[in-house]
Amino acid sequence: MNKKLDENRIKEGVGGQAVIEGIMLRNRSHYVVAVRKPDKQIDFIKQSIPENKNKLSKMPFFRGVVNFIDMMKLGYKTLVFSANTAGIEEENKKYNKNDNNKSEKNDNIAMTLSMLVSLAFAVGLFIALPYFITTLIGINEKEHFVIFNLARGAIKLAIFVIYLLVISFFKDIKRVFEYHGAEHMVVNAYEHGLNPDTGNIREYTTIHPRCGTTFMFLVLTVSILLYMFTSYFVYTYIYASYTPPKLIGNLTVLAINIILLPIVSGISYEILKLGFKFYNFPLMRLAILPGLLLQKITTRRPQDDEIEVALFALSKLLDNSVENRTEEDVQNDIKKSE
């Protein structure tokens, strides 16, 4: 039923994410955010992606951290645009010469705060909480660090799955998950040689190996294995000569776990890339299989209007006649129509 994968299109690297009432798609040179407005029309922005001159962005294991930070920045920008365009935010940005600098400064502050809050939430929910729940169970971390970390890992994965299941029942999140499914279907169709204006998009799956859900599962799994050595290191070398108070030992392990997060994400990124590149190899498929299964939660079969937005985003991404369309252009068009 489906065509064979088009290697050239895969190398082009089309990917994206769901946003509020819309889709963000990107390739190596541009990104597009297409959003359904309250009047049911679709609006969009398209901007070029500057070349990352950071040498770390090309180095294995380091590039995962750099790309993750870049995606968080881009994700924040696209969410703000989608919220404004979809009518979630009552106050749209106003663009004029007097407040451009102030607006940009406020945006940078808000983006930084948002990233810090998101990171703190993730650390608290998926690192600190499972760790302290495991200590309450009563397993001696110093003497049984393997059992301790396996138990902590199981709790961590359980929290992650329960969290996804709970938020999937919220109406707004369910809609985002449908757009997530539309994004995957369109990217899968494109990678199989289908053009955005032809063919039946619904023939293609909502599951994709490069999905952020799979990446998050890999981060959690890699952390389970790596954090076993953290516990061993702390109690074998740092506290080799004496036994510290339990709270001090716990906080030391927790601090090192947080410090190791960039290494965890770097390793996970490389596994994700290998998993997609060698997807037909049974061992690699097995490594990313749980992450693919979790996409059954984070993606839903989309409605026709959501597929329309995803196809619109892809068509604008591929349209070389549209090189740039900013939020200021969107606001100017609104003013002209009034």
# chains A, B, ... in the order shown; residues from 1 in each chain; ligands from 1
$ residues_around --residues "Thr326 (chain A)" --least-positions-apart "2" --cutoff "6 Å" --atoms "only C-alpha atoms" --output "JSON, numbers by chain"
{"A": [45, 328, 329]}
$ write_last_selection --atoms "N, CA, C and O atoms" --output "compact mmCIF listing (two decimals), in the first residue's frame"
# COMPACT_ATOMS: atom_id res chain seq x y z
N ILE A 45 3.52 31.38 9.66
CA ILE A 45 4.79 32.11 9.56
C ILE A 45 5.82 31.14 9.00
O ILE A 45 5.70 29.91 9.16
N GLU A 328 5.17 39.85 12.24
CA GLU A 328 4.84 41.23 11.87
C GLU A 328 4.05 41.25 10.57
O GLU A 328 3.09 42.02 10.43
N ASP A 329 4.40 40.38 9.62
CA ASP A 329 3.64 40.28 8.38
C ASP A 329 2.20 39.85 8.66
O ASP A 329 1.25 40.33 8.03
$ closest_atom_pairs --of "region 274-303 of chain A" --to "region 14-26 of chain A" --cutoff "12 Å" --atoms "only C-alpha atoms" --output "JSON lines"
{"residue": "A:Thr298", "atom": "CA", "partner": "A:Ala18", "partner_atom": "CA", "distance": 10.4}
{"residue": "A:Thr299", "atom": "CA", "partner": "A:Ala18", "partner_atom": "CA", "distance": 9.8}
{"residue": "A:Arg300", "atom": "CA", "partner": "A:Ala18", "partner_atom": "CA", "distance": 11.6}
{"residue": "A:Pro302", "atom": "CA", "partner": "A:Ala18", "partner_atom": "CA", "distance": 11.6}
{"residue": "A:Gln303", "atom": "CA", "partner": "A:Glu21", "partner_atom": "CA", "distance": 11.9}
$ atom_distance --atom1 "CA of Leu225 (chain A)" --atom2 "CA of Gly153 (chain A)"
8.6 Å
$ closest_residue --among "A:Lys277, A:Lys73, A:Arg202, A:Lys174" --to "Val186 (chain A)" --atoms "only C-alpha atoms"
A:Arg202
$ select_by_dssp --residues "region 41-197 of chain A" --states "strand (DSSP E or B)" --output "PyMOL selection string"
chain A and resi 42-48
$ write_last_selection --atoms "N, CA and C atoms" --output "PDB file, in the first residue's frame"
ATOM      1  N   ILE A  42      -6.545  29.389   7.912  1.00  0.00           N
ATOM      2  CA  ILE A  42      -5.217  28.967   8.349  1.00  0.00           C
ATOM      3  C   ILE A  42      -4.228  30.089   8.087  1.00  0.00           C
ATOM      4  N   ASP A  43      -3.472  30.449   9.086  1.00  0.00           N
ATOM      5  CA  ASP A  43      -2.413  31.444   8.920  1.00  0.00           C
ATOM      6  C   ASP A  43      -1.082  30.788   9.254  1.00  0.00           C
ATOM      7  N   PHE A  44      -0.002  31.423   8.850  1.00  0.00           N
ATOM      8  CA  PHE A  44       1.297  30.786   9.047  1.00  0.00           C
ATOM      9  C   PHE A  44       2.415  31.820   9.113  1.00  0.00           C
ATOM     10  N   ILE A  45       3.524  31.384   9.664  1.00  0.00           N
ATOM     11  CA  ILE A  45       4.786  32.111   9.564  1.00  0.00           C
ATOM     12  C   ILE A  45       5.815  31.138   9.000  1.00  0.00           C
ATOM     13  N   LYS A  46       6.794  31.696   8.303  1.00  0.00           N
ATOM     14  CA  LYS A  46       7.892  30.889   7.773  1.00  0.00           C
ATOM     15  C   LYS A  46       9.169  31.679   7.929  1.00  0.00           C
ATOM     16  N   GLN A  47      10.155  31.069   8.569  1.00  0.00           N
ATOM     17  CA  GLN A  47      11.413  31.764   8.780  1.00  0.00           C
ATOM     18  C   GLN A  47      12.587  30.820   8.549  1.00  0.00           C
ATOM     19  N   SER A  48      13.692  31.390   8.150  1.00  0.00           N
ATOM     20  CA  SER A  48      14.891  30.594   7.910  1.00  0.00           C
ATOM     21  C   SER A  48      15.525  30.207   9.241  1.00  0.00           C
TER      22      SER A  48
END
$ residues_around --residues "Val253 (chain A)" --least-positions-apart "2" --cutoff "8 Å" --atoms "only C-alpha atoms" --output "list in words"
Thr230, Ser231, Val234, Gly249, Asn250, Leu251, Ala255, Ile256 and Asn257 of chain A
$ closest_residue --among "A:Asn27, A:Ser82, A:Asn54, A:Gln295" --to "Leu164 (chain A)" --atoms "only C-alpha atoms"
A:Gln295
$ residues_around --residues "Met284 (chain A)" --least-positions-apart "5" --cutoff "9 Å" --atoms "only C-alpha atoms" --output "list of chain:residue names"
A:Ile271, A:Leu274, A:Gly275, A:Phe276, A:Phe278, A:Tyr279, A:Leu289
$ write_last_selection --atoms "all heavy atoms" --output "compact mmCIF listing (two decimals), in the first residue's frame"
# COMPACT_ATOMS: atom_id res chain seq x y z
N ILE A 271 21.26 7.30 20.19
CA ILE A 271 20.49 6.06 20.03
C ILE A 271 19.28 6.31 19.13
O ILE A 271 18.94 5.48 18.28
CB ILE A 271 20.03 5.53 21.40
CG1 ILE A 271 21.24 5.12 22.25
CG2 ILE A 271 19.10 4.34 21.23
CD1 ILE A 271 20.89 4.71 23.67
N LEU A 274 20.46 6.47 15.54
CA LEU A 274 20.79 5.12 15.07
C LEU A 274 19.53 4.30 14.88
O LEU A 274 19.43 3.51 13.93
CB LEU A 274 21.73 4.44 16.06
CG LEU A 274 23.16 4.96 16.14
CD1 LEU A 274 23.91 4.29 17.29
CD2 LEU A 274 23.90 4.71 14.82
N GLY A 275 18.56 4.49 15.78
CA GLY A 275 17.31 3.74 15.68
C GLY A 275 16.56 4.03 14.40
O GLY A 275 15.95 3.14 13.81
N PHE A 276 16.61 5.30 13.96
CA PHE A 276 15.93 5.65 12.70
C PHE A 276 16.75 5.20 11.50
O PHE A 276 16.22 4.70 10.52
CB PHE A 276 15.69 7.16 12.65
CG PHE A 276 14.94 7.59 11.41
CD1 PHE A 276 13.61 7.27 11.25
CD2 PHE A 276 15.58 8.30 10.41
CE1 PHE A 276 12.91 7.65 10.12
CE2 PHE A 276 14.90 8.70 9.27
CZ PHE A 276 13.55 8.37 9.13
N PHE A 278 18.94 2.74 11.29
CA PHE A 278 18.98 1.28 11.16
C PHE A 278 17.67 0.68 11.67
O PHE A 278 17.66 -0.30 12.41
CB PHE A 278 20.16 0.71 11.94
CG PHE A 278 21.50 1.23 11.48
CD1 PHE A 278 22.18 2.20 12.21
CD2 PHE A 278 22.06 0.78 10.30
CE1 PHE A 278 23.41 2.68 11.78
CE2 PHE A 278 23.28 1.24 9.87
CZ PHE A 278 23.96 2.21 10.60
N TYR A 279 16.57 1.30 11.25
CA TYR A 279 15.25 0.91 11.77
C TYR A 279 14.90 -0.54 11.43
O TYR A 279 14.15 -1.20 12.16
CB TYR A 279 14.18 1.85 11.20
CG TYR A 279 12.81 1.61 11.75
CD1 TYR A 279 12.53 1.82 13.10
CD2 TYR A 279 11.78 1.16 10.93
CE1 TYR A 279 11.26 1.61 13.62
CE2 TYR A 279 10.50 0.94 11.44
CZ TYR A 279 10.25 1.16 12.77
OH TYR A 279 9.00 0.94 13.28
N LEU A 289 11.36 0.35 20.54
CA LEU A 289 9.97 -0.13 20.52
C LEU A 289 9.10 0.45 21.63
O LEU A 289 7.97 0.90 21.36
CB LEU A 289 9.95 -1.66 20.57
CG LEU A 289 8.55 -2.30 20.61
CD1 LEU A 289 7.77 -1.96 19.35
CD2 LEU A 289 8.67 -3.82 20.76
$ closest_residue --among "A:Val65, A:Leu74, A:Ile127, A:Leu194" --to "Ser315 (chain A)" --atoms "only C-alpha atoms"
A:Leu194
$ atom_distance --atom1 "CA of Gly266 (chain A)" --atom2 "CA of Ala182 (chain A)"
28.0 Å
$ closest_residue --among "A:Tyr204, A:Phe68, A:Tyr31, A:Tyr179" --to "Glu308 (chain A)" --atoms "only C-alpha atoms"
A:Tyr179
$ atom_distance --atom1 "CA of Val330 (chain A)" --atom2 "CA of Pro196 (chain A)"
23.5 Å
$ residues_around --residues "region 118-126 of chain A" --least-positions-apart "6" --cutoff "12 Å" --atoms "only C-alpha atoms" --output "VMD selection string"
chain A and resid 68 to 69 72 to 73 76 111 to 112 132 to 133 152 to 163 216 to 217 219 to 221 223 to 224 254 to 255 257 to 261
$ closest_residue --among "A:Met71, A:Val187, A:Ile297, A:Leu314" --to "Val32 (chain A)" --atoms "only C-alpha atoms"
A:Leu314
$ select_by_dssp --residues "region 146-327 of chain A" --states "helix (DSSP H, G or I)" --output "ChimeraX atom specification"
/A:146-167,171-191,201-203,212-238,246-259,261-277,282-298,304-318,327
